[in-house]
Amino acid sequence: MTVRVIDKHGVRKLVEKLQQEAKVVAPHRREGRDQWSFQEVTDPDLICLEYTTSCLPPKEFAFPPRETLLRYQREPEFAAEAVIQSEPIILFGVHPCDIYALESLDIAYCADHGDPNWIARRQQMRLVGVDCIPDEWCFCAAMGTATVDSGYDLFLNNLGDGSYLVEVGTEAGEEMLEGIELREASAEEIAHVKKRLTQRVKQERKINDETRNLPLHFSGKAQSEVWEKHAERCYSCGTCVLVCPTCYCFDVVDEVALTLKEGTRERIWDGCMLESFAEVASGENFREERAQRLRHRHFRKYAYLFTKYGRPFCCGCGRCVRQCLVHIDPVAIINDLIAESKGGVSRGA
Amino acid sequence: MALELCQCDMESDLYVPRPAQVVAVEPQTPMETLVRFKFPDGADLGHKPGQFVQIFIPGIGEAPISVCSAPNAECTFDLTVRKLGDVTGALHRLQPGDTVGIRGPFGNGFDMEALQGYDLVIVGGGIGLVPLRSVIQYVADHRADYANVHLLYGFKSPVEQMYVDELAQWQADCDMDVRLTIDKPHDAWDGHVGVITTLFPDLTIVPPRTYALVVGPPIMYQFVITECRLKGLADDHIIMSLERRMRCGVGKCGHCQINSKYVCMDGPVFTFSDVKHLWEAI
């Protein structure tokens with residue numbers, strides 16, 4: 001297959017075409033700030049494809065912060081029905097790390113019992129990836145997520161002049177391109193993209209071992225001083241969980257209509273860094289201390305789920321450390337653990 | 001689309017409770033009440049001893065509760081709940097004829113077939129006896145399949161004793177060695193006094209052919225497990241059922257996680273050898 005290029009005009013045409021077919025969501029700059037958020041496209045010119053990282057990951061379009069799972073009536077007799085809402089949606093301009101995260105949650109939400117709400121939304125979702133601009137916090141290369149080879153229908157590689165080299169990931173991606181003017185890529189353009197991708201994996205923020213060895217460095221580290229050292233500054237605010245593309249824990253709450261005759265059950269995002277998360281009915285809290293919660297979160301991402309599903313449940317986007325009030329840094333934590341494994345002295349966060 | 005999404009069977013009714021009707025309410029103590037349920041269409045819950053359900057009180061909420069009865073011909077199932085929160089408080093107000101929602105059964109339950117032919121030491125502390133009642137009833141129903149059965153049950157004071165008639169019946173009619181103890185002396189009690197571990201010295205067990213089934217408050221486990229090990233029981237012969245907060249019951253919401261284990265999927269029944277290396281377990 002020839003490698004093709006879509007120019008600035010073509011990208012606009014593509015977005016307009018996709019808008020006819022589905023709700024299109026893309027990164028937009030927040031007014032007056034160097035911050036980006038995924039929003040429904042109203043004017044294709046407002047899309048910003050060159051961005052570092054969005055504040056919130058696009059996870060919310062498959063797993064909303066709050067969603068109805070169930071509708072029920074109490075009278076005349078109890079009856080309940082599932083609420084599974086989904087609509088055709090296209091995420092346009094998603095970075096490799098976030099694509100990796102969505103695929104990770106596909107694995108988790110399909111394992112054992114297939115979560116109907118997640119699956120219904122993801123089945124109606126198409127995805128156009130775009131390569132990213134690293135910032136001072138991200139560490140995708142350390143997680144092996146600087147590039148992805150699946151999880152997208154189309155992928156756009158920036159050629160620097162407003163045009164993009166197009167990779168087609170699926171048949172749906174090929175269909176997206178029908179009627180859009182493309183041209184063949186030149187050898188220089190292909191070389192340019194290859195060079196860019198090679199640079200991408202040479203990030204400064206590194207972990208001091210191979211990604212696949214992460215679970216080994218967590219093994220036997222439950223009592224490590226690393227946890228207390230880093231948790232000492234933690235406010236238990238839960239921001240790290242809120243902004244994480246691979247966190248998928250939730251709480252369930254009941255909403256009753258004022259008539260008391262009917263109601264809904266809603267799930268809302270929840271997080272293991274919050275104090276009440278592991279509390280049981282008798283009042284016992286199995287992770288009462290900040291360090292216990294920090295430890296659990298990191299064990300979960302780099303050891304438990306890694307071992308269970310064969311990939312780190314961290315995409316290296318750096319949102320947790322970027323948005324943390326005190327910048328508690330998983331890279332520093334991991335490198336401290338690695339230093340401990342190697343018997344070295346930890347040099348601080 | 002990711003491979004997982006194409007191959008995965010979506011369970012549309014994963015979070016939908018089935019209506020079940022209250023057929024009987026039997027208060028046990030001032031704090032604990034037993035409620036018996038039946039599905040209107042007569043369907044069996046299809047549970048194993050030690051499994052739990054998510055019970056939904058419309059308008060109040062949902063809570064994970066152990067099924068405390070063995071499967072039976074009437075296709076009823078019992079839940080015994082302590083009045084603690086909103087849902088359990090509402091459960092205490094249920095009357096025969098009321099309808100609730102049930103999801104499940106969930107969890108692994110006790111492997112009763114694997115225990116066949118063995119002596120059983122069943123140790124219940126307080127409301128820890130609740131999930132064990134499903135095991136005891138099951139053993140009573142299949143008494144010939146099991147060898148010696150000891151039941152040790154400890155509670156704070158006489159008024160907190162649950163299943164009074166059944167305990168007498170298990171002792172008298174089911175060839176079970178039932179031993180009760182209360183924590184502190186009480187005027188209305190002439191039986192054994194002392195925490196549950198004080199029942200162990202008089203107990204004679206043959207370790208290779210004995211399994212201990214232990215359920216109680218978190219503080220109890222380390223003491224009872226120590227007693228079991230002192231009696232010579234191997235770690236994989238000590239079986240327990242653990243409690244955690246749960247929201248989904250199907251391995252998604254994350255609340256019940258003990259290290260890498262999900263209590264709702266991998267448990268709630270674990271052997272001590274399963275969990276002894278998990279620092280969050282007990």
# chains A, B, ... in the order shown; residues from 1 in each chain; ligands from 1
call {"tool": "residues_around", "arguments": {"residues": "Arg122 (chain A)", "least_positions_apart": "3", "cutoff": "10 Å", "atoms": "only C-alpha atoms", "output": "ChimeraX atom specification"}}
result
/A:61-63,86-89,102-103,106,116-119,125-127 /B:1-2,5
call {"tool": "closest_atom_pairs", "arguments": {"of": "chain B", "to": "chain A", "cutoff": "9 Å", "atoms": "only C-alpha atoms", "output": "JSON lines"}}
result
{"residue": "B:Met1", "atom": "CA", "partner": "A:Gly151", "partner_atom": "CA", "distance": 6.3}
{"residue": "B:Ala2", "atom": "CA", "partner": "A:Gly151", "partner_atom": "CA", "distance": 5.8}
{"residue": "B:Leu3", "atom": "CA", "partner": "A:Asp106", "partner_atom": "CA", "distance": 8.8}
{"residue": "B:Glu4", "atom": "CA", "partner": "A:Ile107", "partner_atom": "CA", "distance": 6.1}
{"residue": "B:Leu5", "atom": "CA", "partner": "A:Ile119", "partner_atom": "CA", "distance": 6.5}
{"residue": "B:Cys6", "atom": "CA", "partner": "A:Gln123", "partner_atom": "CA", "distance": 8.1}
{"residue": "B:Gln7", "atom": "CA", "partner": "A:Cys110", "partner_atom": "CA", "distance": 8.9}
{"residue": "B:Cys8", "atom": "CA", "partner": "A:Cys110", "partner_atom": "CA", "distance": 5.9}
{"residue": "B:Asp9", "atom": "CA", "partner": "A:Gly114", "partner_atom": "CA", "distance": 5.9}
{"residue": "B:Met10", "atom": "CA", "partner": "A:Gly114", "partner_atom": "CA", "distance": 4.7}
{"residue": "B:Glu11", "atom": "CA", "partner": "A:Gly114", "partner_atom": "CA", "distance": 5.5}
{"residue": "B:Ser12", "atom": "CA", "partner": "A:Pro116", "partner_atom": "CA", "distance": 5.2}
{"residue": "B:Asp13", "atom": "CA", "partner": "A:Ala82", "partner_atom": "CA", "distance": 6.2}
{"residue": "B:Leu14", "atom": "CA", "partner": "A:Asp115", "partner_atom": "CA", "distance": 7.1}
{"residue": "B:Tyr15", "atom": "CA", "partner": "A:Leu69", "partner_atom": "CA", "distance": 6.8}
{"residue": "B:Val16", "atom": "CA", "partner": "A:Ala82", "partner_atom": "CA", "distance": 5.9}
{"residue": "B:Pro17", "atom": "CA", "partner": "A:Ala80", "partner_atom": "CA", "distance": 6.9}
{"residue": "B:Arg18", "atom": "CA", "partner": "A:Ala80", "partner_atom": "CA", "distance": 7.7}
{"residue": "B:Pro19", "atom": "CA", "partner": "A:Phe78", "partner_atom": "CA", "distance": 6.7}
{"residue": "B:Pro58", "atom": "CA", "partner": "A:Arg74", "partner_atom": "CA", "distance": 6.3}
{"residue": "B:Gly59", "atom": "CA", "partner": "A:Val256", "partner_atom": "CA", "distance": 5.5}
{"residue": "B:Ile60", "atom": "CA", "partner": "A:Asp254", "partner_atom": "CA", "distance": 6.6}
{"residue": "B:Gly61", "atom": "CA", "partner": "A:Asp254", "partner_atom": "CA", "distance": 5.7}
{"residue": "B:Glu62", "atom": "CA", "partner": "A:Asp254", "partner_atom": "CA", "distance": 8.5}
{"residue": "B:Leu84", "atom": "CA", "partner": "A:Ala281", "partner_atom": "CA", "distance": 6.8}
{"residue": "B:Gly85", "atom": "CA", "partner": "A:Ala281", "partner_atom": "CA", "distance": 7.2}
{"residue": "B:Thr99", "atom": "CA", "partner": "A:Phe78", "partner_atom": "CA", "distance": 6.5}
{"residue": "B:Val100", "atom": "CA", "partner": "A:Phe78", "partner_atom": "CA", "distance": 7.4}
{"residue": "B:Gly101", "atom": "CA", "partner": "A:Phe78", "partner_atom": "CA", "distance": 8.0}
{"residue": "B:Pro217", "atom": "CA", "partner": "A:Ser282", "partner_atom": "CA", "distance": 8.8}
{"residue": "B:Pro218", "atom": "CA", "partner": "A:Glu284", "partner_atom": "CA", "distance": 8.3}
{"residue": "B:Glu243", "atom": "CA", "partner": "A:Val280", "partner_atom": "CA", "distance": 7.5}
{"residue": "B:Arg244", "atom": "CA", "partner": "A:Val280", "partner_atom": "CA", "distance": 5.6}
{"residue": "B:Arg245", "atom": "CA", "partner": "A:Val280", "partner_atom": "CA", "distance": 4.8}
{"residue": "B:Met246", "atom": "CA", "partner": "A:Val280", "partner_atom": "CA", "distance": 8.6}
{"residue": "B:Arg247", "atom": "CA", "partner": "A:Val252", "partner_atom": "CA", "distance": 6.2}
{"residue": "B:Cys248", "atom": "CA", "partner": "A:Val252", "partner_atom": "CA", "distance": 8.0}
{"residue": "B:Val250", "atom": "CA", "partner": "A:His113", "partner_atom": "CA", "distance": 6.5}
{"residue": "B:Gly251", "atom": "CA", "partner": "A:Asp112", "partner_atom": "CA", "distance": 7.7}
{"residue": "B:Lys252", "atom": "CA", "partner": "A:Cys249", "partner_atom": "CA", "distance": 6.7}
{"residue": "B:Cys253", "atom": "CA", "partner": "A:Cys249", "partner_atom": "CA", "distance": 4.5}
{"residue": "B:Gly254", "atom": "CA", "partner": "A:Cys249", "partner_atom": "CA", "distance": 5.1}
{"residue": "B:His255", "atom": "CA", "partner": "A:Ala278", "partner_atom": "CA", "distance": 6.0}
{"residue": "B:Cys256", "atom": "CA", "partner": "A:Ala278", "partner_atom": "CA", "distance": 7.1}
{"residue": "B:Gln257", "atom": "CA", "partner": "A:Ala278", "partner_atom": "CA", "distance": 8.3}
{"residue": "B:Ile258", "atom": "CA", "partner": "A:Phe286", "partner_atom": "CA", "distance": 8.8}
{"residue": "B:Asn259", "atom": "CA", "partner": "A:His296", "partner_atom": "CA", "distance": 7.1}
{"residue": "B:Ser260", "atom": "CA", "partner": "A:Tyr304", "partner_atom": "CA", "distance": 5.0}
{"residue": "B:Lys261", "atom": "CA", "partner": "A:Tyr304", "partner_atom": "CA", "distance": 8.5}
{"residue": "B:Met265", "atom": "CA", "partner": "A:Asp112", "partner_atom": "CA", "distance": 8.8}
{"residue": "B:Trp279", "atom": "CA", "partner": "A:Ala222", "partner_atom": "CA", "distance": 7.6}
{"residue": "B:Glu280", "atom": "CA", "partner": "A:Phe286", "partner_atom": "CA", "distance": 6.7}
{"residue": "B:Ala281", "atom": "CA", "partner": "A:Phe286", "partner_atom": "CA", "distance": 8.3}
{"residue": "B:Ile282", "atom": "CA", "partner": "A:Phe286", "partner_atom": "CA", "distance": 8.7}
call {"tool": "select_by_dssp", "arguments": {"residues": "region 88-219 of chain A", "states": "strand (DSSP E)", "output": "PyMOL selection string"}}
result
chain A and resi 89-94+125-130+154-158+164-168+183-184
call {"tool": "closest_residue", "arguments": {"among": "B:Gly50, B:Ser157, B:Ala144, B:Tyr262", "to": "Ala188 (chain B)", "atoms": "only C-alpha atoms"}}
result
B:Ser157
call {"tool": "select_by_dssp", "arguments": {"residues": "region 20-265 of chain B", "states": "alpha helix (DSSP H)", "output": "PyMOL selection string"}}
result
chain B and resi 86-91+129-141+164-173+218-230+263-265
call {"tool": "atom_distance", "arguments": {"atom1": "CA of Ala140 (chain B)", "atom2": "CA of Pro105 (chain B)"}}
result
21.7 Å
call {"tool": "residues_around", "arguments": {"residues": "region 70-73 of chain B", "least_positions_apart": "3", "cutoff": "10 Å", "atoms": "only C-alpha atoms", "output": "list in words"}}
result
Asp44, Leu45, Gly46, His47, Lys48, Pro49, Gly50, Val67, Thr76, Phe77, Asp78, Pro131, Leu132, Arg133, Ser134, Val135, Ile136, Gln137, Tyr138, Val139, Ala140 and Asp141 of chain B
call {"tool": "residues_around", "arguments": {"residues": "Tyr153 (chain B)", "least_positions_apart": "2", "cutoff": "7 Å", "atoms": "only C-alpha atoms", "output": "list in words"}}
result
Val123, Gly124, Gly125, Leu151, Phe155, Arg179, Leu180 and Thr181 of chain B
call {"tool": "atom_distance", "arguments": {"atom1": "CA of Ala20 (chain B)", "atom2": "CA of Pro64 (chain B)"}}
result
15.3 Å
call {"tool": "residues_around", "arguments": {"residues": "Ile239 (chain B)", "least_positions_apart": "2", "cutoff": "10 Å", "atoms": "only C-alpha atoms", "output": "PDB file with N, CA, C and O atoms, in the first residue's frame"}}
result
ATOM      1  N   PHE B 110     -17.398 -22.046  49.060  1.00  0.00           N
ATOM      2  CA  PHE B 110     -16.592 -23.155  49.580  1.00  0.00           C
ATOM      3  C   PHE B 110     -16.703 -24.340  48.628  1.00  0.00           C
ATOM      4  O   PHE B 110     -17.785 -24.627  48.108  1.00  0.00           O
ATOM      5  N   ILE B 122     -15.321 -25.880  62.171  1.00  0.00           N
ATOM      6  CA  ILE B 122     -15.945 -24.660  61.663  1.00  0.00           C
ATOM      7  C   ILE B 122     -15.892 -23.622  62.779  1.00  0.00           C
ATOM      8  O   ILE B 122     -16.396 -23.860  63.881  1.00  0.00           O
ATOM      9  N   TYR B 211      -9.986 -30.009  57.938  1.00  0.00           N
ATOM     10  CA  TYR B 211      -9.984 -28.648  57.396  1.00  0.00           C
ATOM     11  C   TYR B 211     -10.631 -27.727  58.414  1.00  0.00           C
ATOM     12  O   TYR B 211     -11.650 -28.085  59.015  1.00  0.00           O
ATOM     13  N   ALA B 212     -10.050 -26.549  58.606  1.00  0.00           N
ATOM     14  CA  ALA B 212     -10.693 -25.527  59.429  1.00  0.00           C
ATOM     15  C   ALA B 212     -11.335 -24.508  58.501  1.00  0.00           C
ATOM     16  O   ALA B 212     -10.734 -24.092  57.511  1.00  0.00           O
ATOM     17  N   LEU B 213     -12.574 -24.136  58.819  1.00  0.00           N
ATOM     18  CA  LEU B 213     -13.285 -23.111  58.048  1.00  0.00           C
ATOM     19  C   LEU B 213     -13.535 -21.949  59.002  1.00  0.00           C
ATOM     20  O   LEU B 213     -14.274 -22.108  59.979  1.00  0.00           O
ATOM     21  N   VAL B 214     -12.911 -20.826  58.746  1.00  0.00           N
ATOM     22  CA  VAL B 214     -12.862 -19.744  59.727  1.00  0.00           C
ATOM     23  C   VAL B 214     -13.482 -18.470  59.154  1.00  0.00           C
ATOM     24  O   VAL B 214     -13.063 -18.014  58.086  1.00  0.00           O
ATOM     25  N   VAL B 215     -14.470 -17.930  59.844  1.00  0.00           N
ATOM     26  CA  VAL B 215     -14.997 -16.621  59.432  1.00  0.00           C
ATOM     27  C   VAL B 215     -15.276 -15.788  60.683  1.00  0.00           C
ATOM     28  O   VAL B 215     -15.903 -16.276  61.636  1.00  0.00           O
ATOM     29  N   ILE B 225      -5.968 -18.379  63.389  1.00  0.00           N
ATOM     30  CA  ILE B 225      -5.031 -19.052  62.488  1.00  0.00           C
ATOM     31  C   ILE B 225      -3.821 -19.576  63.274  1.00  0.00           C
ATOM     32  O   ILE B 225      -3.350 -20.693  63.041  1.00  0.00           O
ATOM     33  N   ASP B 235      -1.308 -24.740  56.081  1.00  0.00           N
ATOM     34  CA  ASP B 235      -1.921 -23.469  55.678  1.00  0.00           C
ATOM     35  C   ASP B 235      -3.019 -23.650  54.630  1.00  0.00           C
ATOM     36  O   ASP B 235      -3.971 -22.876  54.577  1.00  0.00           O
ATOM     37  N   ASP B 236      -2.876 -24.690  53.802  1.00  0.00           N
ATOM     38  CA  ASP B 236      -3.929 -24.871  52.793  1.00  0.00           C
ATOM     39  C   ASP B 236      -5.100 -25.685  53.341  1.00  0.00           C
ATOM     40  O   ASP B 236      -6.033 -26.017  52.618  1.00  0.00           O
ATOM     41  N   HIS B 237      -5.042 -26.029  54.622  1.00  0.00           N
ATOM     42  CA  HIS B 237      -6.193 -26.654  55.288  1.00  0.00           C
ATOM     43  C   HIS B 237      -6.938 -25.648  56.158  1.00  0.00           C
ATOM     44  O   HIS B 237      -7.845 -26.014  56.897  1.00  0.00           O
ATOM     45  N   SER B 241     -13.228 -16.865  54.829  1.00  0.00           N
ATOM     46  CA  SER B 241     -14.011 -16.040  53.913  1.00  0.00           C
ATOM     47  C   SER B 241     -13.798 -14.590  54.339  1.00  0.00           C
ATOM     48  O   SER B 241     -14.009 -14.245  55.493  1.00  0.00           O
ATOM     49  N   LEU B 242     -13.355 -13.757  53.396  1.00  0.00           N
ATOM     50  CA  LEU B 242     -12.982 -12.389  53.737  1.00  0.00           C
ATOM     51  C   LEU B 242     -14.051 -11.397  53.296  1.00  0.00           C
ATOM     52  O   LEU B 242     -14.752 -11.595  52.308  1.00  0.00           O
ATOM     53  N   VAL B 269     -13.851 -16.779  49.437  1.00  0.00           N
ATOM     54  CA  VAL B 269     -13.251 -17.891  50.176  1.00  0.00           C
ATOM     55  C   VAL B 269     -11.808 -18.080  49.704  1.00  0.00           C
ATOM     56  O   VAL B 269     -11.548 -18.215  48.500  1.00  0.00           O
ATOM     57  N   PHE B 270     -10.893 -18.039  50.653  1.00  0.00           N
ATOM     58  CA  PHE B 270      -9.472 -18.224  50.364  1.00  0.00           C
ATOM     59  C   PHE B 270      -8.895 -19.232  51.353  1.00  0.00           C
ATOM     60  O   PHE B 270      -9.375 -19.334  52.482  1.00  0.00           O
ATOM     61  N   THR B 271      -7.847 -19.948  50.964  1.00  0.00           N
ATOM     62  CA  THR B 271      -7.100 -20.690  51.971  1.00  0.00           C
ATOM     63  C   THR B 271      -6.062 -19.730  52.550  1.00  0.00           C
ATOM     64  O   THR B 271      -5.701 -18.735  51.911  1.00  0.00           O
ATOM     65  N   PHE B 272      -5.583 -20.064  53.737  1.00  0.00           N
ATOM     66  CA  PHE B 272      -4.570 -19.195  54.336  1.00  0.00           C
ATOM     67  C   PHE B 272      -3.319 -19.153  53.455  1.00  0.00           C
ATOM     68  O   PHE B 272      -2.672 -18.110  53.340  1.00  0.00           O
ATOM     69  N   SER B 273      -3.024 -20.280  52.786  1.00  0.00           N
ATOM     70  CA  SER B 273      -1.833 -20.234  51.915  1.00  0.00           C
ATOM     71  C   SER B 273      -2.055 -19.309  50.716  1.00  0.00           C
ATOM     72  O   SER B 273      -1.107 -18.734  50.190  1.00  0.00           O
ATOM     73  N   ASP B 274      -3.318 -19.107  50.298  1.00  0.00           N
ATOM     74  CA  ASP B 274      -3.596 -18.146  49.210  1.00  0.00           C
ATOM     75  C   ASP B 274      -3.233 -16.722  49.612  1.00  0.00           C
ATOM     76  O   ASP B 274      -2.842 -15.917  48.767  1.00  0.00           O
TER      77      ASP B 274
END
call {"tool": "closest_residue", "arguments": {"among": "B:Lys276, B:Lys83, B:Lys231, B:Arg103", "to": "Val53 (chain B)", "atoms": "only C-alpha atoms"}}
result
B:Arg103
call {"tool": "residues_around", "arguments": {"residues": "Thr197 (chain B)", "least_positions_apart": "6", "cutoff": "7 Å", "atoms": "only C-alpha atoms", "output": "PDB file with C-alpha atoms, in the first residue's frame"}}
result
ATOM      1  CA  PHE B 223      -5.414 -15.478  66.619  1.00  0.00           C
ATOM      2  CA  VAL B 224      -7.508 -18.333  65.265  1.00  0.00           C
ATOM      3  CA  GLU B 227      -4.327 -21.784  67.036  1.00  0.00           C
TER       4      GLU B 227
END
call {"tool": "residues_around", "arguments": {"residues": "region 333-344 of chain A", "least_positions_apart": "6", "cutoff": "9 Å", "atoms": "only C-alpha atoms", "output": "list in words"}}
result
Lys206, Ile207, Asn208, Asp209, Leu214, Leu216, His217, Phe218, Lys221, Ser224, Val226, Trp227, His230, His298 and Tyr302 of chain A
call {"tool": "atom_distance", "arguments": {"atom1": "CA of Arg66 (chain A)", "atom2": "CA of Arg121 (chain A)"}}
result
13.9 Å
call {"tool": "decode", "arguments": {"residues": "region 145-154 of chain A", "atoms": "all heavy atoms", "output": "CSV table (one decimal), in the first residue's frame"}}
result
chain,number,residue,atom,x,y,z
A,145,THR,N,4.9,3.1,25.2
A,145,THR,CA,3.7,3.6,24.5
A,145,THR,C,3.9,4.8,23.7
A,145,THR,O,2.9,5.5,23.3
A,145,THR,CB,2.6,3.9,25.6
A,145,THR,OG1,3.0,5.0,26.4
A,145,THR,CG2,2.3,2.7,26.5
A,146,ALA,N,5.1,5.1,23.3
A,146,ALA,CA,5.4,6.3,22.5
A,146,ALA,C,4.8,6.2,21.1
A,146,ALA,O,4.4,7.1,20.5
A,146,ALA,CB,6.9,6.5,22.4
A,147,THR,N,4.7,4.9,20.7
A,147,THR,CA,4.0,4.6,19.4
A,147,THR,C,3.1,3.5,19.6
A,147,THR,O,3.3,2.7,20.6
A,147,THR,CB,5.0,4.3,18.3
A,147,THR,OG1,5.7,3.1,18.7
A,147,THR,CG2,6.0,5.4,18.0
A,148,VAL,N,2.0,3.4,18.9
A,148,VAL,CA,1.1,2.2,19.0
A,148,VAL,C,0.9,1.7,17.6
A,148,VAL,O,1.0,2.4,16.6
A,148,VAL,CB,-0.3,2.6,19.6
A,148,VAL,CG1,-0.2,2.8,21.1
A,148,VAL,CG2,-0.8,3.8,18.9
A,149,ASP,N,0.7,0.4,17.5
A,149,ASP,CA,0.4,-0.2,16.2
A,149,ASP,C,-1.0,-0.8,16.1
A,149,ASP,O,-1.3,-1.5,15.1
A,149,ASP,CB,1.5,-1.2,15.8
A,149,ASP,CG,1.6,-2.3,16.9
A,149,ASP,OD1,0.8,-2.4,17.7
A,149,ASP,OD2,2.7,-3.0,16.8
A,150,SER,N,-1.8,-0.5,17.0
A,150,SER,CA,-3.2,-0.9,17.0
A,150,SER,C,-4.1,0.1,17.8
A,150,SER,O,-3.5,1.0,18.5
A,150,SER,CB,-3.4,-2.3,17.5
A,150,SER,OG,-3.1,-2.3,18.9
A,151,GLY,N,-5.4,-0.1,17.7
A,151,GLY,CA,-6.2,0.8,18.6
A,151,GLY,C,-6.8,2.0,17.9
A,151,GLY,O,-7.5,2.8,18.5
A,152,TYR,N,-6.4,2.2,16.6
A,152,TYR,CA,-6.8,3.4,15.9
A,152,TYR,C,-7.4,2.9,14.5
A,152,TYR,O,-7.0,1.9,14.0
A,152,TYR,CB,-5.7,4.4,15.7
A,152,TYR,CG,-4.5,3.8,15.0
A,152,TYR,CD1,-4.4,3.7,13.6
A,152,TYR,CD2,-3.4,3.4,15.8
A,152,TYR,CE1,-3.3,3.2,13.0
A,152,TYR,CE2,-2.3,2.9,15.2
A,152,TYR,CZ,-2.2,2.8,13.8
A,152,TYR,OH,-1.1,2.2,13.2
A,153,ASP,N,-8.2,3.8,13.9
A,153,ASP,CA,-8.7,3.5,12.6
A,153,ASP,C,-7.8,4.2,11.6
A,153,ASP,O,-7.5,3.7,10.5
A,153,ASP,CB,-10.2,4.0,12.4
A,153,ASP,CG,-11.1,3.2,13.4
A,153,ASP,OD1,-11.3,2.0,13.1
A,153,ASP,OD2,-11.5,3.7,14.4
A,154,LEU,N,-7.5,5.5,12.0
A,154,LEU,CA,-6.5,6.3,11.2
A,154,LEU,C,-5.5,6.8,12.2
A,154,LEU,O,-5.8,7.1,13.3
A,154,LEU,CB,-7.2,7.4,10.5
A,154,LEU,CG,-8.1,7.2,9.3
A,154,LEU,CD1,-8.6,8.5,8.8
A,154,LEU,CD2,-7.3,6.4,8.2
